[in-house]
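Engineer: Please find coords.txt (compact mmCIF, C-alpha atoms) on the next line:
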# COMPACT_ATOMS: atom_id res chain seq x y z
CA GLY A 109 11.62 -11.03 18.52
CA ALA A 110 12.49 -10.08 14.97
CA GLY A 111 9.66 -9.54 12.55
CA VAL A 112 9.49 -10.29 8.85
CA SER A 113 12.23 -8.54 6.92
CA GLN A 114 12.41 -7.82 3.22
CA THR A 115 15.29 -6.69 1.07
CA PRO A 116 15.85 -4.46 -0.71
CA SER A 117 13.41 -1.85 0.56
CA ASN A 118 13.50 -0.15 -2.81
CA LYS A 119 14.48 -1.47 -6.22
CA VAL A 120 14.64 0.57 -9.40
CA THR A 121 15.27 -1.34 -12.59
CA GLU A 122 14.93 -0.96 -16.31
CA LYS A 123 12.34 -2.62 -18.44
CA GLY A 124 13.48 -6.06 -19.51
CA LYS A 125 15.82 -6.66 -16.58
CA TYR A 126 15.69 -9.49 -14.04
CA VAL A 127 15.06 -8.80 -10.34
CA GLU A 128 15.08 -10.81 -7.14
CA LEU A 129 13.21 -9.81 -4.00
CA ARG A 130 14.05 -11.48 -0.70
CA CYS A 131 11.89 -12.26 2.32
CA ASP A 132 13.10 -13.43 5.74
CA PRO A 133 10.10 -14.73 7.69
CA ILE A 134 9.69 -14.82 11.44
CA SER A 135 11.74 -17.70 12.81
CA GLY A 136 9.71 -20.89 13.06
CA HIS A 137 6.90 -19.73 10.78
CA THR A 138 6.11 -22.52 8.35
CA ALA A 139 3.75 -20.59 6.08
CA LEU A 140 4.95 -17.79 3.83
CA TYR A 141 2.89 -15.62 1.48
CA TRP A 142 3.76 -13.10 -1.21
CA TYR A 143 1.35 -10.31 -2.12
CA ARG A 144 1.56 -7.37 -4.48
CA GLN A 145 0.06 -3.96 -3.73
CA SER A 146 -0.46 -1.32 -6.37
CA LEU A 147 -1.07 2.30 -5.47
CA GLY A 148 -4.49 2.84 -3.94
CA GLN A 149 -5.32 -0.87 -3.92
CA GLY A 150 -5.46 -3.65 -1.39
CA PRO A 151 -2.80 -6.35 -1.50
CA GLU A 152 -3.24 -9.04 -4.13
CA PHE A 153 -2.23 -12.64 -3.41
CA LEU A 154 0.63 -14.06 -5.48
CA ILE A 155 1.89 -17.31 -3.95
CA TYR A 156 1.78 -19.39 -0.77
CA PHE A 157 4.47 -21.70 0.62
CA GLN A 158 3.97 -24.32 3.29
CA GLY A 159 7.49 -25.34 4.21
CA THR A 160 9.61 -25.62 1.08
CA GLY A 161 6.85 -26.24 -1.40
CA ALA A 162 4.71 -23.74 -3.27
CA ALA A 163 1.27 -24.98 -2.24
CA ASP A 164 -0.63 -22.35 -4.22
CA ASP A 165 0.87 -20.22 -6.98
CA SER A 166 -2.45 -19.33 -8.59
CA GLY A 167 -1.90 -15.62 -8.02
CA LEU A 168 1.28 -15.30 -10.06
CA PRO A 169 0.29 -13.13 -13.02
CA ASN A 170 2.33 -14.98 -15.66
CA ASP A 171 5.37 -17.16 -16.17
CA ARG A 172 7.78 -14.28 -15.75
CA PHE A 173 7.14 -14.56 -12.03
CA PHE A 174 8.65 -17.34 -9.96
CA ALA A 175 9.34 -17.86 -6.26
CA VAL A 176 11.38 -20.32 -4.24
CA ARG A 177 11.85 -21.26 -0.62
CA PRO A 178 14.53 -23.96 -0.78
CA GLU A 179 15.11 -24.51 2.94
CA GLY A 180 11.68 -23.63 4.24
CA SER A 181 12.74 -20.28 5.61
CA VAL A 182 13.97 -17.46 3.34
CA SER A 183 12.03 -16.96 0.13
CA THR A 184 12.99 -15.21 -3.07
CA LEU A 185 10.53 -13.81 -5.58
CA LYS A 186 12.05 -13.65 -9.04
CA ILE A 187 10.75 -11.56 -11.91
CA GLN A 188 12.15 -11.99 -15.40
CA ARG A 189 11.95 -9.47 -18.24
CA THR A 190 10.37 -6.84 -16.02
CA GLU A 191 7.65 -4.63 -17.43
CA ARG A 192 6.46 -1.21 -16.31
CA GLY A 193 3.23 -2.81 -15.13
CA ASP A 194 5.21 -4.83 -12.58
CA SER A 195 5.86 -1.65 -10.59
CA ALA A 196 4.27 -2.09 -7.17
CA VAL A 197 5.06 -2.83 -3.54
CA TYR A 198 5.77 -6.51 -3.02
CA LEU A 199 4.76 -7.69 0.43
CA CYS A 200 5.78 -10.83 2.24
CA ALA A 201 3.94 -12.32 5.21
CA SER A 202 4.58 -15.32 7.40
CA SER A 203 2.51 -17.27 9.89
CA LEU A 204 2.60 -20.26 12.17
CA SER A 205 0.76 -22.82 10.05
CA THR A 206 -2.75 -21.38 9.65
CA ASP A 207 -2.41 -18.60 12.18
CA THR A 208 -2.44 -14.84 11.63
CA GLN A 209 -0.13 -13.47 8.95
CA TYR A 210 2.46 -10.90 9.93
CA PHE A 211 3.83 -8.66 7.24
CA GLY A 212 7.21 -7.28 6.35
CA PRO A 213 7.80 -3.66 5.32
CA GLY A 214 7.65 -4.52 1.61
CA THR A 215 9.89 -3.92 -1.37
CA ARG A 216 8.94 -1.03 -3.63
CA LEU A 217 9.76 -2.05 -7.19
CA THR A 218 9.93 0.60 -9.89
CA VAL A 219 10.40 -0.45 -13.49
CA LEU A 220 11.49 2.40 -15.73
CA ALA B 256 -16.64 -16.14 -4.99
CA GLN B 257 -15.10 -14.28 -2.10
CA LYS B 258 -15.13 -10.53 -1.92
CA VAL B 259 -14.56 -7.77 0.61
CA THR B 260 -16.10 -4.35 0.11
CA GLN B 261 -15.03 -1.22 1.93
CA ALA B 262 -17.37 1.41 0.54
CA GLN B 263 -15.70 4.34 2.25
CA THR B 264 -12.65 5.37 0.25
CA GLU B 265 -11.63 8.29 2.45
CA ILE B 266 -12.80 9.60 5.80
CA SER B 267 -11.68 12.81 7.48
CA VAL B 268 -12.45 13.57 11.12
CA VAL B 269 -11.30 15.96 13.77
CA GLU B 270 -9.36 14.60 16.70
CA LYS B 271 -11.49 13.11 19.50
CA GLU B 272 -14.36 12.27 17.18
CA ASP B 273 -15.56 8.68 16.96
CA VAL B 274 -15.33 7.06 13.55
CA THR B 275 -16.65 3.80 12.12
CA LEU B 276 -15.09 2.02 9.17
CA ASP B 277 -17.42 -0.28 7.28
CA CYS B 278 -16.62 -3.71 5.90
CA VAL B 279 -19.00 -6.01 4.03
CA TYR B 280 -17.93 -9.42 2.81
CA GLU B 281 -19.15 -12.21 0.54
CA THR B 282 -18.21 -15.85 0.87
CA ARG B 283 -19.74 -19.26 0.27
CA ASP B 284 -17.53 -20.83 2.92
CA THR B 285 -19.30 -21.94 6.06
CA THR B 286 -16.30 -21.08 8.18
CA TYR B 287 -13.90 -18.23 7.66
CA TYR B 288 -11.80 -15.61 9.38
CA LEU B 289 -12.10 -11.85 9.14
CA PHE B 290 -9.28 -9.43 9.78
CA TRP B 291 -8.49 -5.77 10.10
CA TYR B 292 -5.02 -4.43 9.30
CA LYS B 293 -3.68 -0.89 9.61
CA GLN B 294 -1.26 0.57 7.07
CA PRO B 295 0.29 3.81 8.35
CA PRO B 296 2.21 6.14 6.04
CA SER B 297 5.34 4.08 6.64
CA GLY B 298 3.67 1.34 4.59
CA GLU B 299 3.96 -1.70 6.84
CA LEU B 300 0.73 -3.62 7.41
CA VAL B 301 -0.03 -3.96 11.10
CA PHE B 302 -2.35 -6.68 12.33
CA LEU B 303 -5.25 -5.42 14.49
CA ILE B 304 -7.73 -8.25 14.93
CA ARG B 305 -8.81 -11.69 13.73
CA ARG B 306 -12.37 -12.93 14.15
CA ASN B 307 -13.58 -16.49 13.59
CA SER B 308 -16.95 -16.75 11.85
CA PHE B 309 -18.22 -18.86 14.73
CA ASP B 310 -17.65 -16.07 17.18
CA GLU B 311 -20.05 -13.16 16.78
CA GLN B 312 -19.21 -11.49 20.03
CA ASN B 313 -18.17 -7.90 19.69
CA GLU B 314 -14.67 -7.07 20.82
CA ILE B 315 -13.16 -4.02 22.44
CA SER B 316 -9.47 -3.26 22.74
CA GLY B 317 -8.78 0.14 24.23
CA ARG B 318 -10.20 2.75 21.85
CA TYR B 319 -10.85 0.13 19.18
CA SER B 320 -13.99 -1.96 18.89
CA TRP B 321 -15.33 -4.35 16.31
CA ASN B 322 -18.91 -5.26 15.47
CA PHE B 323 -19.33 -8.57 13.64
CA GLN B 324 -22.82 -9.29 12.29
CA LYS B 325 -23.12 -12.48 10.30
CA SER B 326 -26.73 -11.71 9.33
CA THR B 327 -25.60 -8.69 7.33
CA SER B 328 -22.12 -10.04 6.45
CA SER B 329 -20.50 -7.04 8.06
CA PHE B 330 -17.46 -6.57 10.24
CA ASN B 331 -17.26 -2.90 11.17
CA PHE B 332 -14.46 -1.19 13.05
CA THR B 333 -14.95 1.78 15.37
CA ILE B 334 -12.27 4.05 16.75
CA THR B 335 -13.41 6.00 19.78
CA ALA B 336 -11.89 9.41 20.56
CA SER B 337 -9.71 9.33 17.46
CA GLN B 338 -6.15 10.62 17.57
CA VAL B 339 -3.82 11.96 14.90
CA VAL B 340 -1.76 8.76 15.18
CA ASP B 341 -4.79 6.82 13.96
CA SER B 342 -4.33 8.37 10.50
CA ALA B 343 -3.68 5.46 8.16
CA VAL B 344 -5.27 3.23 5.57
CA TYR B 345 -7.32 0.47 7.15
CA PHE B 346 -7.92 -2.81 5.36
CA CYS B 347 -10.53 -5.45 6.02
CA ALA B 348 -9.69 -8.96 4.80
CA LEU B 349 -11.20 -12.44 4.62
CA THR B 350 -9.75 -15.93 4.53
CA PRO B 351 -11.36 -19.37 4.55
CA ASN B 352 -11.03 -21.48 7.67
CA ALA B 353 -10.41 -24.70 5.83
CA GLY B 354 -7.17 -26.31 4.78
CA ASN B 355 -3.77 -24.80 5.23
CA ASN B 356 -3.90 -22.05 2.62
CA ARG B 357 -5.09 -18.91 4.32
CA LYS B 358 -4.51 -16.45 1.52
CA LEU B 359 -6.17 -13.17 2.35
CA ILE B 360 -8.83 -11.55 0.20
CA TRP B 361 -8.65 -7.81 0.73
CA GLY B 362 -10.89 -4.80 0.45
CA LEU B 363 -9.61 -1.65 -1.22
CA GLY B 364 -9.02 0.03 2.11
CA THR B 365 -10.35 3.15 3.80
CA SER B 366 -8.00 6.08 4.18
CA LEU B 367 -8.60 7.76 7.53
CA ALA B 368 -7.30 11.25 8.20
CA VAL B 369 -7.54 12.51 11.77
CA ASN B 370 -6.94 16.22 11.92
CA PRO B 371 -5.84 18.12 15.01
If you took the structure in this file and wrote it as structure tokens, what would it be?
Structural biologist:
Amino acid sequence: GAGVSQTPSNKVTEKGKYVELRCDPISGHTALYWYRQSLGQGPEFLIYFQGTGAADDSGLPNDRFFAVRPEGSVSTLKIQRTERGDSAVYLCASSLSTDTQYFGPGTRLTVL
Amino acid sequence: AQKVTQAQTEISVVEKEDVTLDCVYETRDTTYYLFWYKQPPSGELVFLIRRNSFDEQNEISGRYSWNFQKSTSSFNFTITASQVVDSAVYFCALTPNAGNNRKLIWGLGTSLAVNP
């Protein structure tokens, strides 16, 4: 079946702009996670959804970052007033409840 | 605090050599899961294995094997008869086995280069 998909695959934006990153989880997966991976680093947890609600957003670096999952499936990560330090690969993963997480290909965000 | 340490930043081997990737973890949780993921040059993280802290049996899957030792908090990964296609960054990760939130705590990864 289809895996986790993320769009766009690449996003280049200018400092100060707003961006939205989309994640389509595996069908039926109730849990959805966002991570951020900087060059040469392991992924870093951002936020976890169980169904429609953000059950843990402790990893969001500041209030410029926000994520939604209104119907319990697709999720959108929103970044306001982007900064150069936001440049990274943003990874989305989904799982059946507490099962293994399966990852999408990521969105590479570059802030100029 | 929870932490995963992968001390080997880069490893280079010649094809057909065996190679072991080390992973040491710290956690105060009594139950937890350990994982290995592979990240090839394409960038997508590929799940390899999940191990429950209750299960210390070693596991073998083809050329891959995993050695889990709770006494030393280690979960090492061995590739036997390495191949060029094994070249990738390998990540070890940890998550608690309690509640619904299974956010992964990651090591920094080990970059493996298998040369022909």
Engineer: Please identify all residues of chain B having at least one atom at most 8 Å from any atom of chain A, considering all atoms listed in the file, and return them as a tab-separated table (two decimals) with C-alpha atoms, keeping the file's coordinate frame.
Structural biologist:
chain	number	residue	atom	x	y	z
B	298	GLY	CA	3.67	1.34	4.59
B	299	GLU	CA	3.96	-1.70	6.84
B	300	LEU	CA	0.73	-3.62	7.41
B	301	VAL	CA	-0.03	-3.96	11.10
B	302	PHE	CA	-2.35	-6.68	12.33
B	305	ARG	CA	-8.81	-11.69	13.73
B	346	PHE	CA	-7.92	-2.81	5.36
B	355	ASN	CA	-3.77	-24.80	5.23
B	356	ASN	CA	-3.90	-22.05	2.62
B	357	ARG	CA	-5.09	-18.91	4.32
B	358	LYS	CA	-4.51	-16.45	1.52
B	359	LEU	CA	-6.17	-13.17	2.35
B	360	ILE	CA	-8.83	-11.55	0.20
B	361	TRP	CA	-8.65	-7.81	0.73
B	362	GLY	CA	-10.89	-4.80	0.45
B	363	LEU	CA	-9.61	-1.65	-1.22
B	364	GLY	CA	-9.02	0.03	2.11
Engineer: Neighbours of stretch 190-196 of chain A within 7 Å (all atoms listed in the file; same-chain residues fewer than 5 positions away dropped), as JSON, numbers by chain?
Structural biologist: {"A": [123, 124, 125, 126, 144, 145, 146, 216, 217, 218, 219, 220]}
Engineer: Find the distance between atom CA of A:Asp165 and atom CA of A:Thr138 and write it in Å to one decimal.
Structural biologist: 16.4 Å
Engineer: Please list as a ChimeraX atom specification every residue within 9 Å of B:Gln312, counting all atoms listed in the file and excluding residues in the same chain fewer than 4 positions away.
Structural biologist: /B:321-324
Engineer: Please, what distance in Å, to one decimal, runs between atom CA of B:Gln338 and atom CA of B:Lys293?
Structural biologist: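 We find that atom CA of B:Gln338 and atom CA of B:Lys293 lie 14.2 Å from each other.
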Engineer: Padding 4 Å on every side, please: axis-aligned box over the listed atoms of stretch 110-122 of chain A, centre and edge lengths to one decimal in Å, as AutoDock Vina command-line options.
Structural biologist:
--center_x 12.7 --center_y -4.9 --center_z -0.7 --size_x 14.4 --size_y 18.9 --size_z 39.3
Engineer: Residues of stretch 300-347 of chain B that have any atom at most 12 Å from an atom of stretch 257-263 of chain B: could you tabulate them with the shortest-distance atom pair and the distance in Å to one decimal, using only C-alpha atoms, ordered by chain and increasing number, as a tab-separated table?
Structural biologist:
residue	atom	partner	partner_atom	distance
B:Ser328	CA	B:Val259	CA	9.8
B:Ser329	CA	B:Thr260	CA	9.5
B:Phe330	CA	B:Val259	CA	10.1
B:Asn331	CA	B:Gln261	CA	9.7
B:Phe332	CA	B:Gln261	CA	11.1
B:Val344	CA	B:Gln263	CA	11.0
B:Tyr345	CA	B:Gln261	CA	9.5
B:Phe346	CA	B:Gln261	CA	8.1
B:Cys347	CA	B:Val259	CA	7.1
Engineer: What is the atom CA of B:Arg283-atom CA of B:Ser316 distance in Å, reported with one decimal?
Structural biologist: 29.4 Å
Engineer: Nearest residue to B:Ala256 out of B:Thr335, B:Pro351, B:Pro371, B:Ile315, using all atoms listed in the file?
Structural biologist: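 Nearest to B:Ala256: B:Pro351.
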Engineer: Contacts of B:Tyr287 at 7 Å or less, counting all atoms listed in the file, minus same-chain residues fewer than 2 places along, as a PyMOL selection string?
Structural biologist: chain B and resi 284-285+289+307-308+350-352
Engineer: Which polymer residues have any atom within 8 Å of an atom of stretch 268-272 of chain B, counting only C-alpha atoms, with same-chain residues fewer than 4 positions away left out, as a count of residues only?
Structural biologist: 10
Engineer: For A:Gly161, which of A:Leu147, A:Val120, A:Val176, A:Leu185 is the closest residue, counting only C-alpha atoms?
Structural biologist: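 Residue with the minimum atom-to-atom distance to A:Gly161: A:Val176.
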Engineer: Here is a test: counting only C-alpha atoms, which residue of B:Ser326, B:Tyr280, B:Thr365, B:Ser297 is nearest to B:Glu265?
Structural biologist: B:Thr365
Engineer: Around the point (13.4, -17.6, 2.1) in the file's coordinates, collect all residues with an atom within 10 Å, using only C-alpha atoms, and return them as a list of chain:residue names.
Structural biologist: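 Collected hits near the coordinates: A:Gln114, A:Leu129, A:Arg130, A:Cys131, A:Asp132, A:Pro133, A:Leu140, A:Phe157, A:Gly159, A:Thr160, A:Ala175, A:Val176, A:Arg177, A:Pro178, A:Glu179, A:Gly180, A:Ser181, A:Val182, A:Ser183, A:Thr184, A:Leu185.
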